[in-house]
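Input: a single structure, listed below in structure tokens.
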Amino acid sequence: MIFLAINWAEVGVKAGQFILSFSIIVILHELGHFLPARWFKCRVEKFYLFFNPWFSLFKKKIGETEYGLGWVPFGGYVKISGMIDESMDKEQMNQPPKPYEFRSKPAWQRLIIMVGGVIVNLILGFLIYAMTLWYWGESYVPTNKFTYGIATDSLAQSIGLRDGDKLVSVDGEYIDRFNKIPLRVILNGAKTFEVERDGKPVTISIPESFAADLIHYKAISFIDMRVPFLGLDSIADTSAAMKAGLRKGDQILTVNNQPVPFYHTFRQLIQKSKEKTIAMQVLRGTDTLQLNAAIPKTGTLGVYPISWADKFEVKEVKYGFFEAIPAGFKKSIETLTSYWLQLKLIFSGKVNTNESLGSVISIGKMFAPVWDWQQFWALTAFFSLVLALMNILPIPGLDGGHALFTIYEIISGRKPSDKFMEYAQMVGMVLLLGLMAYALGLDIFRLFK
């Protein structure tokens, strides 16, 4: 029997953020369909947050519409009379069209109803980015201000990068925001890194297969900022560090006789020592101690380092209300472009779909283990934009599929038959449900891997 070490408190916090984030996104998405449907005098039979097979947690009919809360927290829906959707209500579709039904409305009105959800998600993502930039601003260490150079993992070292290298440019272009460099490599196929090593310029060639390797090993942070390991700010309760006798303010000098002046060096050594006992030389005040710690299979010691922020030149960018609007728009465009390029990379066959695909489990893991409003809103904006992009794809069963058939009708003057739309919806739903089940299966497999 396999037992998974699970921190249920962290799982609960992540699940709470995930459900709240997607509730906001889904309600507003469905409102994007609901409002134009009502404006064009369509009857909306149901408006639900979450799905409600067999029963609902709550429902109340107001006017012609039943508002409810389902028990499967993975989405939501509006049921518009006379529209072929996931409900597959064939009985209604076999009757003559009624004036209040979706299918009785002009094509241009149906198109607006169909794309309303996507438009709302685009606006939501943009507004969240703009408002968070206005409220929090941005802060980062510019790439050319990395005092101690970069920290590298084994993949970065395999192409010739080294700890302490100072990154000068990528393909001859200086990139001020360091977090954009991995995307430049993965999405734009960067060919070279130019670094400064021991005061001398060095050019590192990037193999064609490197982007696929980064995705395969999920090593997006193959290079990072190298920061000094100044000492311990706190110790996690019941951790290996607590059991070993480490205290706040201690400075770990060596692990298994290897110096650890930088935090990433320390972390790598701990990770390599899973289920082993390590020997540490520790400075406590003016005393040097020898302590041993048994590292659990999670590969963590349970210590939090003293902040290194004052060792670097941090660039603070503040936005006024009107400045945040174009900045939020620019960030939205960059997010959509980046995600679209990732989709192209997957569909091109350059990366293994099994390694790139994820379900709600993968999404939930992206949230912070503690409630972090700044990260929460950043992820909500990101997912809102991603949902808009995915929904507008011309696939039957998605808003984009319905919109495609409606555009065809507007251009050709011929409306696809209800029977054709039923079959297209059925095929689309089977494909989408199959893909969701496959992604969920992959995530469950990864949990036990």
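Simple scheme: letters A, B, ... for chains in structure tokens order, numbers from 1 for residues in each chain, numbers from 1 for ligands in the order shown.
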Within 9 Å of region 147-152 of chain A: each region 178-260 of chain A residue with its shortest pair, only C-alpha atoms, as CSV:
```
residue,atom,partner,partner_atom,distance
A:Glu196,CA,A:Gly149,CA,9.0
A:Ser221,CA,A:Thr152,CA,8.5
A:Phe222,CA,A:Thr152,CA,5.9
A:Ile223,CA,A:Thr152,CA,4.7
A:Asp224,CA,A:Ala151,CA,5.1
A:Met225,CA,A:Ile150,CA,4.8
A:Arg226,CA,A:Ala151,CA,4.7
A:Val227,CA,A:Tyr148,CA,6.8
A:Pro228,CA,A:Tyr148,CA,8.1
```
- DSSP on the backbone: what in region 140-277 of chain A comes out strand (DSSP E or B), as a ChimeraX atom specification? /A:140,150-152,166-170,173,192-197,200-205,223-225,228,232-235,251-255,258-259,262,277
Store the residues of this selection in a file with N, CA and C atoms, as an mmCIF file, in the first residue's frame.
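Below is the file that was written, result-v4.cif:
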```cif
data_model
loop_
_atom_site.group_PDB
_atom_site.id
_atom_site.type_symbol
_atom_site.label_atom_id
_atom_site.label_comp_id
_atom_site.auth_asym_id
_atom_site.auth_seq_id
_atom_site.Cartn_x
_atom_site.Cartn_y
_atom_site.Cartn_z
ATOM 1 N N TYR A 140 11.142 44.125 -8.583
ATOM 2 C CA TYR A 140 11.994 43.040 -9.066
ATOM 3 C C TYR A 140 13.446 43.495 -9.059
ATOM 4 N N ILE A 150 24.082 34.066 -11.261
ATOM 5 C CA ILE A 150 22.938 33.151 -11.313
ATOM 6 C C ILE A 150 23.242 31.842 -10.592
ATOM 7 N N ALA A 151 22.167 31.192 -10.167
ATOM 8 C CA ALA A 151 22.249 29.828 -9.637
ATOM 9 C C ALA A 151 21.745 28.895 -10.726
ATOM 10 N N THR A 152 22.393 27.767 -10.913
ATOM 11 C CA THR A 152 22.050 26.861 -12.010
ATOM 12 C C THR A 152 21.686 25.477 -11.482
ATOM 13 N N LYS A 166 27.175 35.843 -14.753
ATOM 14 C CA LYS A 166 26.307 37.024 -14.814
ATOM 15 C C LYS A 166 25.715 37.120 -16.217
ATOM 16 N N LEU A 167 24.403 37.016 -16.287
ATOM 17 C CA LEU A 167 23.725 36.957 -17.581
ATOM 18 C C LEU A 167 23.709 38.342 -18.218
ATOM 19 N N VAL A 168 24.290 38.430 -19.395
ATOM 20 C CA VAL A 168 24.387 39.718 -20.105
ATOM 21 C C VAL A 168 23.245 39.885 -21.096
ATOM 22 N N SER A 169 22.962 38.827 -21.888
ATOM 23 C CA SER A 169 21.914 38.942 -22.903
ATOM 24 C C SER A 169 21.479 37.556 -23.374
ATOM 25 N N VAL A 170 20.340 37.531 -24.059
ATOM 26 C CA VAL A 170 19.825 36.323 -24.711
ATOM 27 C C VAL A 170 19.673 36.660 -26.187
ATOM 28 N N GLU A 173 20.200 40.258 -26.877
ATOM 29 C CA GLU A 173 19.273 41.252 -26.321
ATOM 30 C C GLU A 173 19.262 41.171 -24.794
ATOM 31 N N THR A 192 21.268 31.503 -28.010
ATOM 32 C CA THR A 192 22.502 31.694 -27.227
ATOM 33 C C THR A 192 22.246 32.511 -25.956
ATOM 34 N N PHE A 193 23.043 32.204 -24.924
ATOM 35 C CA PHE A 193 23.179 33.061 -23.751
ATOM 36 C C PHE A 193 24.544 33.722 -23.839
ATOM 37 N N GLU A 194 24.596 35.010 -23.534
ATOM 38 C CA GLU A 194 25.878 35.682 -23.392
ATOM 39 C C GLU A 194 26.054 36.003 -21.910
ATOM 40 N N VAL A 195 27.122 35.475 -21.298
ATOM 41 C CA VAL A 195 27.343 35.666 -19.865
ATOM 42 C C VAL A 195 28.729 36.249 -19.614
ATOM 43 N N GLU A 196 28.874 36.809 -18.419
ATOM 44 C CA GLU A 196 30.186 37.253 -17.954
ATOM 45 C C GLU A 196 30.642 36.266 -16.890
ATOM 46 N N ARG A 197 31.816 35.663 -17.096
ATOM 47 C CA ARG A 197 32.352 34.669 -16.162
ATOM 48 C C ARG A 197 33.782 35.057 -15.800
ATOM 49 N N LYS A 200 35.157 37.809 -17.858
ATOM 50 C CA LYS A 200 35.332 37.609 -19.300
ATOM 51 C C LYS A 200 34.009 37.218 -19.957
ATOM 52 N N PRO A 201 33.776 37.668 -21.213
ATOM 53 C CA PRO A 201 32.545 37.294 -21.911
ATOM 54 C C PRO A 201 32.590 35.847 -22.402
ATOM 55 N N VAL A 202 31.489 35.132 -22.223
ATOM 56 C CA VAL A 202 31.390 33.740 -22.676
ATOM 57 C C VAL A 202 30.035 33.573 -23.364
ATOM 58 N N THR A 203 30.027 32.904 -24.515
ATOM 59 C CA THR A 203 28.787 32.634 -25.250
ATOM 60 C C THR A 203 28.407 31.170 -25.059
ATOM 61 N N ILE A 204 27.165 30.912 -24.629
ATOM 62 C CA ILE A 204 26.659 29.557 -24.404
ATOM 63 C C ILE A 204 25.623 29.241 -25.474
ATOM 64 N N SER A 205 25.854 28.206 -26.251
ATOM 65 C CA SER A 205 24.885 27.792 -27.266
ATOM 66 C C SER A 205 23.761 26.985 -26.611
ATOM 67 N N ILE A 223 17.554 28.424 -14.235
ATOM 68 C CA ILE A 223 18.476 29.435 -13.710
ATOM 69 C C ILE A 223 17.670 30.337 -12.785
ATOM 70 N N ASP A 224 18.324 30.823 -11.762
ATOM 71 C CA ASP A 224 17.654 31.676 -10.790
ATOM 72 C C ASP A 224 18.683 32.664 -10.242
ATOM 73 N N MET A 225 18.210 33.590 -9.443
ATOM 74 C CA MET A 225 19.126 34.532 -8.821
ATOM 75 C C MET A 225 19.875 33.832 -7.685
ATOM 76 N N PRO A 228 22.723 34.838 -1.044
ATOM 77 C CA PRO A 228 23.538 34.327 0.068
ATOM 78 C C PRO A 228 22.668 33.664 1.128
ATOM 79 N N LEU A 232 19.293 31.516 9.655
ATOM 80 C CA LEU A 232 17.930 31.010 9.749
ATOM 81 C C LEU A 232 17.004 32.039 10.385
ATOM 82 N N ASP A 233 15.957 32.365 9.666
ATOM 83 C CA ASP A 233 14.965 33.306 10.177
ATOM 84 C C ASP A 233 13.957 32.601 11.081
ATOM 85 N N SER A 234 13.599 31.351 10.732
ATOM 86 C CA SER A 234 12.653 30.585 11.554
ATOM 87 C C SER A 234 12.793 29.105 11.247
ATOM 88 N N ILE A 235 12.226 28.282 12.126
ATOM 89 C CA ILE A 235 12.269 26.826 12.018
ATOM 90 C C ILE A 235 10.840 26.310 12.014
ATOM 91 N N GLN A 251 23.535 29.987 11.758
ATOM 92 C CA GLN A 251 24.002 30.031 10.371
ATOM 93 C C GLN A 251 24.640 28.688 10.042
ATOM 94 N N ILE A 252 24.096 28.002 9.049
ATOM 95 C CA ILE A 252 24.643 26.710 8.633
ATOM 96 C C ILE A 252 25.830 26.977 7.715
ATOM 97 N N LEU A 253 27.003 26.520 8.133
ATOM 98 C CA LEU A 253 28.230 26.783 7.372
ATOM 99 C C LEU A 253 28.522 25.686 6.356
ATOM 100 N N THR A 254 28.315 24.416 6.774
ATOM 101 C CA THR A 254 28.592 23.295 5.861
ATOM 102 C C THR A 254 27.521 22.225 6.019
ATOM 103 N N VAL A 255 27.331 21.464 4.931
ATOM 104 C CA VAL A 255 26.485 20.265 4.957
ATOM 105 C C VAL A 255 27.337 19.131 4.417
ATOM 106 N N GLN A 258 30.592 20.211 3.010
ATOM 107 C CA GLN A 258 30.576 21.087 1.839
ATOM 108 C C GLN A 258 30.061 22.468 2.256
ATOM 109 N N PRO A 259 30.813 23.524 1.967
ATOM 110 C CA PRO A 259 30.377 24.887 2.331
ATOM 111 C C PRO A 259 29.067 25.247 1.618
ATOM 112 N N PHE A 262 25.688 29.904 -0.341
ATOM 113 C CA PHE A 262 24.503 30.342 -1.084
ATOM 114 C C PHE A 262 23.342 29.379 -0.831
ATOM 115 N N THR A 277 20.938 10.806 6.717
ATOM 116 C CA THR A 277 21.323 11.687 7.822
ATOM 117 C C THR A 277 22.487 12.558 7.372
#
```
- Restricting the calculation to only C-alpha atoms, which member of A:Leu155, A:Ile407, A:Leu28, A:Leu69 is positioned closest to Tyr48 (chain A)? A:Leu69
- Message: Between A:Gly75, A:Gly245, A:Pro261, A:Pro326, which residue has the minimum interatomic distance to Val303 (chain A), considering only C-alpha atoms?
- Response: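 Distance minimum relative to Val303 (chain A) lands on A:Gly245.
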As a PDB file with N, CA, C and O atoms, in the first residue's frame, please: the residues near Ala309 (chain A) (cut-off 10 Å, only C-alpha atoms, same-chain neighbours under 4 positions excluded).
```pdb
ATOM      1  N   VAL A 141      14.333  42.527  -9.084  1.00  0.00           N
ATOM      2  CA  VAL A 141      15.762  42.810  -9.198  1.00  0.00           C
ATOM      3  C   VAL A 141      16.121  42.719 -10.676  1.00  0.00           C
ATOM      4  O   VAL A 141      15.966  41.660 -11.290  1.00  0.00           O
ATOM      5  N   VAL A 227      21.477  33.749  -4.251  1.00  0.00           N
ATOM      6  CA  VAL A 227      21.355  34.594  -3.048  1.00  0.00           C
ATOM      7  C   VAL A 227      22.160  33.984  -1.910  1.00  0.00           C
ATOM      8  O   VAL A 227      22.278  32.768  -1.785  1.00  0.00           O
ATOM      9  N   GLU A 313      19.837  45.443  -5.413  1.00  0.00           N
ATOM     10  CA  GLU A 313      19.162  46.676  -5.821  1.00  0.00           C
ATOM     11  C   GLU A 313      17.794  46.298  -6.397  1.00  0.00           C
ATOM     12  O   GLU A 313      17.704  45.779  -7.512  1.00  0.00           O
ATOM     13  N   VAL A 314      16.736  46.531  -5.611  1.00  0.00           N
ATOM     14  CA  VAL A 314      15.385  46.178  -6.028  1.00  0.00           C
ATOM     15  C   VAL A 314      14.751  47.360  -6.748  1.00  0.00           C
ATOM     16  O   VAL A 314      14.756  48.491  -6.238  1.00  0.00           O
TER      17      VAL A 314
END
```
- Task: Figure out the distance between CA of Gln375 (chain A) and CA of Ile181 (chain A), please, to one decimal in Å.
- Result: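 Those two atoms sit 20.4 Å apart.
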